[in-house]
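This is start20.cif (mmCIF, C-alpha atoms).
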```cif
data_final
#
loop_
_atom_site.label_atom_id
_atom_site.label_comp_id
_atom_site.auth_asym_id
_atom_site.auth_seq_id
_atom_site.Cartn_x
_atom_site.Cartn_y
_atom_site.Cartn_z
CA MET A 1 6.04 -33.23 16.87
CA SER A 2 8.63 -35.75 15.73
CA SER A 3 6.46 -36.44 12.71
CA ARG A 4 7.25 -32.92 11.62
CA SER A 5 10.96 -33.51 11.48
CA GLY A 6 10.67 -33.72 7.72
CA LEU A 7 10.57 -29.96 7.45
CA GLY A 8 12.91 -30.09 4.53
CA PRO A 9 15.11 -27.09 4.04
CA LEU A 10 13.81 -25.25 7.04
CA ALA A 11 14.66 -28.04 9.46
CA ASP A 12 18.15 -28.15 10.80
CA PRO A 13 19.85 -31.49 10.31
CA GLN A 14 23.03 -30.22 11.91
CA HIS A 15 21.42 -30.21 15.31
CA PRO A 16 21.17 -33.68 16.77
CA GLU A 17 19.34 -32.38 19.88
CA ALA A 18 16.25 -32.34 17.70
CA ALA A 19 16.45 -36.07 17.20
CA ALA A 20 17.10 -36.64 20.89
CA GLY A 21 13.76 -35.08 21.79
CA ALA A 22 15.17 -31.81 23.10
CA PRO A 23 13.69 -28.63 21.63
CA ARG A 24 15.29 -27.42 18.45
CA PRO A 25 16.99 -24.03 18.60
CA THR A 26 14.57 -21.23 17.76
CA GLY A 27 17.21 -19.14 15.99
CA ARG A 28 17.94 -21.47 13.06
CA GLY A 29 16.22 -21.94 9.73
CA PHE A 30 13.02 -19.92 9.53
CA GLY A 31 13.95 -18.65 12.99
CA ARG A 32 16.74 -16.63 11.37
CA VAL A 33 14.16 -14.65 9.43
CA LEU A 34 11.87 -14.33 12.44
CA VAL A 35 14.70 -13.02 14.65
CA THR A 36 15.62 -10.56 11.89
CA VAL A 37 12.10 -9.14 11.82
CA TYR A 38 12.00 -9.01 15.63
CA GLY A 39 15.38 -7.28 15.62
CA ILE A 40 14.16 -4.64 13.18
CA PHE A 41 11.15 -3.95 15.38
CA ALA A 42 13.37 -3.85 18.47
CA LEU A 43 15.48 -1.19 16.77
CA ALA A 44 12.51 0.79 15.43
CA ALA A 45 10.56 0.71 18.69
CA THR A 46 13.60 1.58 20.80
CA ALA A 47 14.63 4.52 18.63
CA ARG A 48 11.08 5.84 18.48
CA SER A 49 10.61 5.48 22.21
CA VAL A 50 13.91 7.20 23.06
CA VAL A 51 12.97 10.17 20.85
CA GLN A 52 9.49 10.40 22.39
CA ILE A 53 10.68 10.25 25.97
CA ALA A 54 13.60 12.61 25.36
CA THR A 55 11.68 15.28 23.46
CA LYS A 56 7.98 15.25 24.38
CA PHE A 57 7.36 12.94 27.32
CA ASP A 58 4.88 15.35 28.96
CA GLU A 59 2.49 15.29 25.99
CA ALA A 60 1.31 11.71 26.55
CA PRO A 61 3.31 10.01 29.30
CA ILE A 62 1.27 6.80 29.49
CA ALA A 63 1.34 6.26 25.74
CA TYR A 64 5.08 6.88 25.69
CA LEU A 65 5.66 4.48 28.56
CA LEU A 66 3.71 1.83 26.63
CA SER A 67 5.92 2.67 23.69
CA ALA A 68 8.99 2.04 25.83
CA LEU A 69 7.47 -1.23 27.09
CA ALA A 70 6.97 -2.33 23.48
CA ALA A 71 10.62 -1.59 22.79
CA VAL A 72 11.77 -3.66 25.78
CA ILE A 73 9.50 -6.56 24.82
CA TYR A 74 10.88 -6.62 21.27
CA ILE A 75 14.46 -6.56 22.55
CA VAL A 76 13.79 -9.42 24.99
CA ALA A 77 11.95 -11.47 22.34
CA THR A 78 14.73 -10.92 19.79
CA VAL A 79 17.50 -12.02 22.13
CA ALA A 80 15.53 -14.94 23.56
CA LEU A 81 14.55 -16.29 20.13
CA ALA A 82 18.11 -15.88 18.89
CA ARG A 83 19.57 -17.78 21.87
CA GLY A 84 16.91 -20.47 21.79
CA ASP A 85 17.92 -22.63 24.75
CA ARG A 86 15.36 -23.91 27.24
CA THR A 87 15.34 -20.83 29.46
CA SER A 88 15.32 -18.48 26.49
CA ARG A 89 12.38 -20.38 25.07
CA ARG A 90 10.41 -19.71 28.25
CA VAL A 91 11.45 -16.05 28.27
CA ALA A 92 10.46 -15.74 24.61
CA THR A 93 7.06 -17.30 25.27
CA VAL A 94 6.33 -14.82 28.07
CA ALA A 95 7.63 -11.84 26.08
CA ILE A 96 5.67 -12.72 22.96
CA THR A 97 2.51 -13.32 24.98
CA ILE A 98 2.87 -9.85 26.50
CA GLU A 99 3.49 -8.56 22.98
CA LEU A 100 0.25 -10.14 21.80
CA VAL A 101 -1.73 -8.67 24.70
CA GLY A 102 0.01 -5.34 24.15
CA VAL A 103 -0.71 -5.02 20.44
CA LEU A 104 -4.34 -6.01 20.96
CA GLY A 105 -4.77 -3.77 24.03
CA VAL A 106 -2.98 -0.71 22.69
CA GLY A 107 -4.60 -1.23 19.29
CA LEU A 108 -8.01 -1.19 20.91
CA LEU A 109 -7.21 1.78 23.17
CA SER A 110 -5.87 3.78 20.24
CA LEU A 111 -9.22 3.32 18.52
CA VAL A 112 -11.34 4.08 21.60
CA ILE A 113 -9.37 7.10 22.88
CA PRO A 114 -7.36 8.25 19.85
CA HIS A 115 -6.43 11.64 21.33
CA ASP A 116 -4.31 9.92 24.00
CA PHE A 117 -2.49 7.86 21.37
CA PRO A 118 -1.14 10.28 18.76
CA SER A 119 0.34 7.40 16.75
CA ALA A 120 2.48 6.96 19.79
CA SER A 121 3.81 3.45 19.49
CA VAL A 122 4.37 0.59 17.10
CA TRP A 123 1.23 -1.00 18.58
CA SER A 124 -1.14 1.92 17.90
CA GLY A 125 -3.93 1.04 15.47
CA PHE A 126 -2.85 -2.61 15.74
CA GLY A 127 0.45 -1.65 14.13
CA SER A 128 -1.15 0.03 11.12
CA GLY A 129 1.84 2.38 10.81
CA TYR A 130 4.03 -0.67 10.25
CA GLY A 131 1.90 -2.58 7.77
CA PHE A 132 0.12 -4.47 10.59
CA ILE A 133 3.25 -6.59 10.99
CA PRO A 134 3.20 -5.96 14.77
CA LEU A 135 -0.23 -7.65 14.84
CA VAL A 136 0.91 -10.71 12.87
CA LEU A 137 4.33 -11.08 14.51
CA PRO A 138 3.28 -12.45 17.94
CA PHE A 139 1.12 -15.13 16.29
CA VAL A 140 4.04 -16.18 14.10
CA GLY A 141 6.36 -16.09 17.13
CA LEU A 142 4.12 -18.33 19.25
CA TRP A 143 3.57 -20.67 16.30
CA TRP A 144 7.31 -20.97 15.79
CA LEU A 145 7.90 -21.69 19.50
CA ARG A 146 5.32 -24.51 19.31
CA ARG A 147 6.68 -25.80 16.05
CA THR A 148 10.26 -26.09 17.33
CA ARG A 149 9.28 -27.58 20.66
CA MET B 150 18.51 15.11 0.08
CA THR B 151 20.65 13.81 -2.78
CA GLY B 152 17.58 12.69 -4.69
CA PRO B 153 18.96 10.57 -7.55
CA PHE B 154 21.50 8.84 -5.32
CA ALA B 155 18.85 7.89 -2.75
CA THR B 156 16.60 6.69 -5.55
CA ALA B 157 19.44 4.54 -6.92
CA ILE B 158 19.90 2.96 -3.49
CA ILE B 159 16.19 2.18 -3.29
CA VAL B 160 16.14 0.61 -6.76
CA VAL B 161 19.27 -1.49 -6.13
CA SER B 162 17.90 -2.63 -2.78
CA LEU B 163 14.57 -3.69 -4.27
CA LEU B 164 16.34 -5.55 -7.09
CA LEU B 165 18.48 -7.41 -4.54
CA CYS B 166 15.32 -8.14 -2.56
CA CYS B 167 13.78 -9.80 -5.64
CA TRP B 168 17.00 -11.74 -6.14
CA ALA B 169 16.93 -12.97 -2.54
CA VAL B 170 13.27 -13.95 -2.84
CA VAL B 171 14.08 -15.97 -5.96
CA LEU B 172 16.77 -17.82 -3.97
CA VAL B 173 14.27 -18.53 -1.18
CA ILE B 174 11.81 -19.95 -3.71
CA ALA B 175 14.58 -21.95 -5.40
CA ASN B 176 15.56 -23.25 -1.95
CA ARG B 177 19.12 -22.02 -2.20
CA ALA B 178 21.44 -20.17 0.15
CA PRO B 179 22.90 -16.86 -1.08
CA GLY B 180 26.04 -17.40 -3.15
CA ARG B 181 29.07 -15.25 -3.77
CA ALA B 182 27.26 -13.19 -6.41
CA LEU B 183 24.50 -11.91 -4.11
CA LEU B 184 26.98 -11.31 -1.30
CA SER B 185 29.15 -9.25 -3.64
CA ALA B 186 26.15 -7.25 -4.79
CA SER B 187 25.23 -6.70 -1.13
CA ALA B 188 28.72 -5.38 -0.51
CA VAL B 189 28.30 -2.91 -3.38
CA LEU B 190 25.00 -1.73 -1.89
CA GLU B 191 26.69 -1.37 1.49
CA LEU B 192 29.32 0.80 -0.15
CA LEU B 193 26.56 3.04 -1.55
CA LEU B 194 25.02 3.26 1.93
CA VAL B 195 28.32 4.30 3.51
CA VAL B 196 28.63 7.04 0.87
CA PHE B 197 25.01 7.98 1.66
CA LEU B 198 25.90 8.23 5.36
CA VAL B 199 28.99 10.38 4.81
CA GLY B 200 27.32 12.52 2.15
CA GLY B 201 24.28 13.03 4.37
CA ILE B 202 26.37 14.20 7.30
CA VAL B 203 28.37 16.54 5.06
CA GLN B 204 25.14 17.99 3.65
CA MET B 205 23.73 18.37 7.14
CA ALA B 206 26.84 20.17 8.34
CA GLY B 207 26.54 22.58 5.42
CA SER B 208 22.90 23.38 6.13
CA ASP B 209 21.52 25.81 8.68
CA ARG B 210 17.90 24.70 8.28
CA ASP B 211 15.95 23.51 11.27
CA PHE B 212 15.22 19.79 11.10
CA ALA B 213 15.55 16.75 13.37
CA ARG B 214 19.31 16.30 13.07
CA ALA B 215 19.70 13.51 15.61
CA GLU B 216 16.99 11.46 13.89
CA PHE B 217 18.53 12.19 10.52
CA VAL B 218 21.90 10.80 11.59
CA GLY B 219 20.16 7.92 13.38
CA TYR B 220 18.39 6.81 10.21
CA LEU B 221 21.59 7.20 8.17
CA LEU B 222 23.49 5.06 10.69
CA ALA B 223 20.70 2.45 10.62
CA CYS B 224 20.91 2.36 6.81
CA ALA B 225 24.63 1.67 6.93
CA ALA B 226 24.38 -0.85 9.77
CA VAL B 227 21.67 -3.29 8.67
CA ILE B 228 23.60 -5.17 5.96
CA PRO B 229 26.69 -5.85 8.11
CA VAL B 230 24.53 -6.95 11.04
CA ALA B 231 22.44 -9.23 8.80
CA ALA B 232 25.59 -10.69 7.24
CA TRP B 233 26.93 -11.46 10.72
CA TRP B 234 23.60 -13.02 11.75
CA VAL B 235 23.51 -15.46 8.80
CA ARG B 236 27.28 -16.14 8.77
CA ASP B 237 26.84 -19.86 9.48
CA GLU B 238 23.33 -20.36 8.12
CA LYS B 239 23.67 -22.61 5.09
CA SER B 240 19.99 -22.86 4.16
CA ARG B 241 17.67 -20.61 2.20
CA ALA B 242 16.84 -18.90 5.49
CA ALA B 243 19.97 -16.79 4.90
CA ALA B 244 18.42 -15.55 1.66
CA GLY B 245 15.19 -14.91 3.57
CA VAL B 246 17.01 -12.69 6.04
CA LEU B 247 18.62 -10.73 3.20
CA ALA B 248 15.22 -10.35 1.50
CA VAL B 249 13.80 -8.79 4.68
CA VAL B 250 16.76 -6.44 5.00
CA PHE B 251 16.58 -5.32 1.35
CA LEU B 252 12.88 -4.63 1.80
CA VAL B 253 13.44 -2.57 4.95
CA LEU B 254 16.29 -0.50 3.50
CA PRO B 255 14.10 1.50 1.07
CA VAL B 256 11.82 2.39 3.99
CA LEU B 257 14.81 3.66 5.95
CA VAL B 258 16.07 5.68 2.97
CA ILE B 259 12.62 7.24 2.52
CA ARG B 260 12.60 8.12 6.23
CA VAL B 261 16.01 9.79 5.81
CA GLN B 262 14.53 11.90 3.03
CA GLN B 263 11.41 12.73 5.05
CA VAL B 264 13.43 13.85 8.05
CA TRP B 265 15.67 15.90 5.75
CA ALA B 266 12.62 17.56 4.24
CA GLY B 267 11.34 18.24 7.75
CA SER B 268 7.93 16.70 7.11
CA VAL B 269 8.15 14.54 10.23
CA GLY B 270 9.59 15.33 13.61
#
```
Target encoding structure tokens, full file:
Amino acid sequence: MSSRSGLGPLADPQHPEAAAGAPRPTGRGFGRVLVTVYGIFALAATARSVVQIATKFDEAPIAYLLSALAAVIYIVATVALARGDRTSRRVATVAITIELVGVLGVGLLSLVIPHDFPSASVWSGFGSGYGFIPLVLPFVGLWWLRRTR
Amino acid sequence: MTGPFATAIIVVSLLLCCWAVVLVIANRAPGRALLSASAVLELLLVVFLVGGIVQMAGSDRDFARAEFVGYLLACAAVIPVAAWWVRDEKSRAAAGVLAVVFLVLPVLVIRVQQVWAGSVG
């Protein structure tokens, strides 16, 4: 990956760890934008999930629990990507992998049994209610973790 | 609620979004001018928040009041949080973050209006 150190403006010359072979922080450069998008989804998913569980949990408990899981995953991914040390990098990889499985799984379930998923979470319909960004985001997240390794 | 004012916020936000995108393309960090414009937009959003709560207090209609205030608070919070997050980012990534925020703000404002109208619960 050292051959990619010429990332130009998106690379971070102020961080000598990169040159020393240690992973570059995931929260700098393009990572700033990525963490911002993750943060927005953390906020959106958390707020939505709190409202669902507080006001109508009995209508579709499993869907709403998945909704809450999505919220937790986004929060963990946001914080881990923002911190960007070695442990955080591992945590982020796990969280984003779960996110990928979640958006694909819930997306599929919401198509197969739509009555149990009344647009219940950010992952329903592969994130169609959010411009399909939830579907793209885990791929970008995993790519960025590889790229900064 | 407050139609023209909300529309003005949306227009200003989208203009600032274009500005930030131009900076990303030009490979430049946001300068004093964009930050000042962001502060003006933030001022509008604080007025939006206060005005929204005043309007809500003066209304006896049935709508999702907690969500309404939640969206108003989110509107007022995103610019300060984003500014804090890019405080020591000197690259165009700071402009990228602002572009994302200025794109999300109109969505939040539209949600405020939808909740006010009672079309979503």
Requested in this report: Just give me the gap between CA of Leu193 in chain B and CA of Ala213 in chain B in Å, one decimal is fine.
Outcome: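 Interatomic distance here is 23.1 Å.
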Quick one: contact table of chain A to chain B, 9 Å max, nearest atom pair and distance in Å to one decimal per residue, counting all atoms listed in the file, chain and number order, as CSV?
```
residue,atom,partner,partner_atom,distance
A:Pro9,CA,B:Ser240,CA,6.5
A:Leu10,CA,B:Ala242,CA,7.2
A:Asp12,CA,B:Ser240,CA,8.7
A:Arg28,CA,B:Glu238,CA,7.4
A:Gly29,CA,B:Ala242,CA,5.3
A:Phe30,CA,B:Ala242,CA,5.7
A:Gly31,CA,B:Ala242,CA,8.0
A:Arg32,CA,B:Ala242,CA,6.3
A:Val33,CA,B:Val246,CA,4.8
A:Leu34,CA,B:Val246,CA,8.4
A:Val35,CA,B:Val246,CA,8.9
A:Thr36,CA,B:Val246,CA,6.4
A:Val37,CA,B:Val249,CA,7.3
A:Ile40,CA,B:Val253,CA,8.5
A:Leu43,CA,B:Ala223,CA,8.8
A:Ala47,CA,B:Gly219,CA,8.3
A:Val51,CA,B:Glu216,CA,8.1
```
Query raised in the report: Could you pull the residues within 10 Å of Val136 in chain A, counting only C-alpha atoms, minus those fewer than 5 positions along the same chain, as an MDAnalysis selection string?
Result: chainID A and resid 100 103 126:127 131 141
Requested in this report: Translate the PyMOL selection byres ((chain B and resi 202) around 12), as applied to the file shown, into an explicit residue set as an MDAnalysis selection string.
Outcome: chainID B and resid 150:151 195:201 203:208 214:222 261 265
Report as a JSON list (two decimals) with C-alpha atoms, keeping the file's coordinate frame the residues that result from applying the PyMOL selection byres ((chain B and resi 189) around 12) to the structure here.
```json
[["chain", "number", "residue", "atom", "x", "y", "z"],
["B", 158, "ILE", "CA", 19.90, 2.96, -3.49],
["B", 161, "VAL", "CA", 19.27, -1.49, -6.13],
["B", 162, "SER", "CA", 17.90, -2.63, -2.78],
["B", 165, "LEU", "CA", 18.48, -7.41, -4.54],
["B", 182, "ALA", "CA", 27.26, -13.19, -6.41],
["B", 183, "LEU", "CA", 24.50, -11.91, -4.11],
["B", 184, "LEU", "CA", 26.98, -11.31, -1.30],
["B", 185, "SER", "CA", 29.15, -9.25, -3.64],
["B", 186, "ALA", "CA", 26.15, -7.25, -4.79],
["B", 187, "SER", "CA", 25.23, -6.70, -1.13],
["B", 188, "ALA", "CA", 28.72, -5.38, -0.51],
["B", 190, "LEU", "CA", 25.00, -1.73, -1.89],
["B", 191, "GLU", "CA", 26.69, -1.37, 1.49],
["B", 192, "LEU", "CA", 29.32, 0.80, -0.15],
["B", 193, "LEU", "CA", 26.56, 3.04, -1.55],
["B", 194, "LEU", "CA", 25.02, 3.26, 1.93],
["B", 195, "VAL", "CA", 28.32, 4.30, 3.51],
["B", 196, "VAL", "CA", 28.63, 7.04, 0.87],
["B", 225, "ALA", "CA", 24.63, 1.67, 6.93],
["B", 228, "ILE", "CA", 23.60, -5.17, 5.96],
["B", 229, "PRO", "CA", 26.69, -5.85, 8.11]]
```
Query - Resolved residues for the PyMOL selection byres ((chain A and resi 62-67) around 9) as a PyMOL selection string - result: chain A and resi 45-46+48-49+52-53+56-57+59-61+68-72+102+106+116-118+120-123
Requested in this report: Extract, using only C-alpha atoms, all DNA, RNA and protein residues at most 10 Å from Arg90 in chain A, discarding same-chain residues fewer than 6 positions from it, and format them as number ranges by chain.
Outcome: A: 80-81, 84, 96, 145
Query - d(CA of Leu172 in chain B, CA of Ile259 in chain B) in Å - result: 26.2 Å
Query raised in the report: Quick one: of A:Val76, A:Arg149, A:Pro138, A:Ala42, who's nearest to Ala92 in chain A, counting only C-alpha atoms?
Result: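 Going through A:Val76, A:Arg149, A:Pro138, A:Ala42 one by one, the smallest distance to Ala92 in chain A is for A:Val76.
One finds CA of Leu142 in chain A at 11.8 Å from CA of Val91 in chain A.
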**Report entry** From A:Val101, A:Ala95, A:Thr26, A:Thr148, residue lying nearest Ala82 in chain A [only C-alpha atoms]
**Finding:**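 Using only C-alpha atoms, Ala82 in chain A sits closest to A:Thr26.
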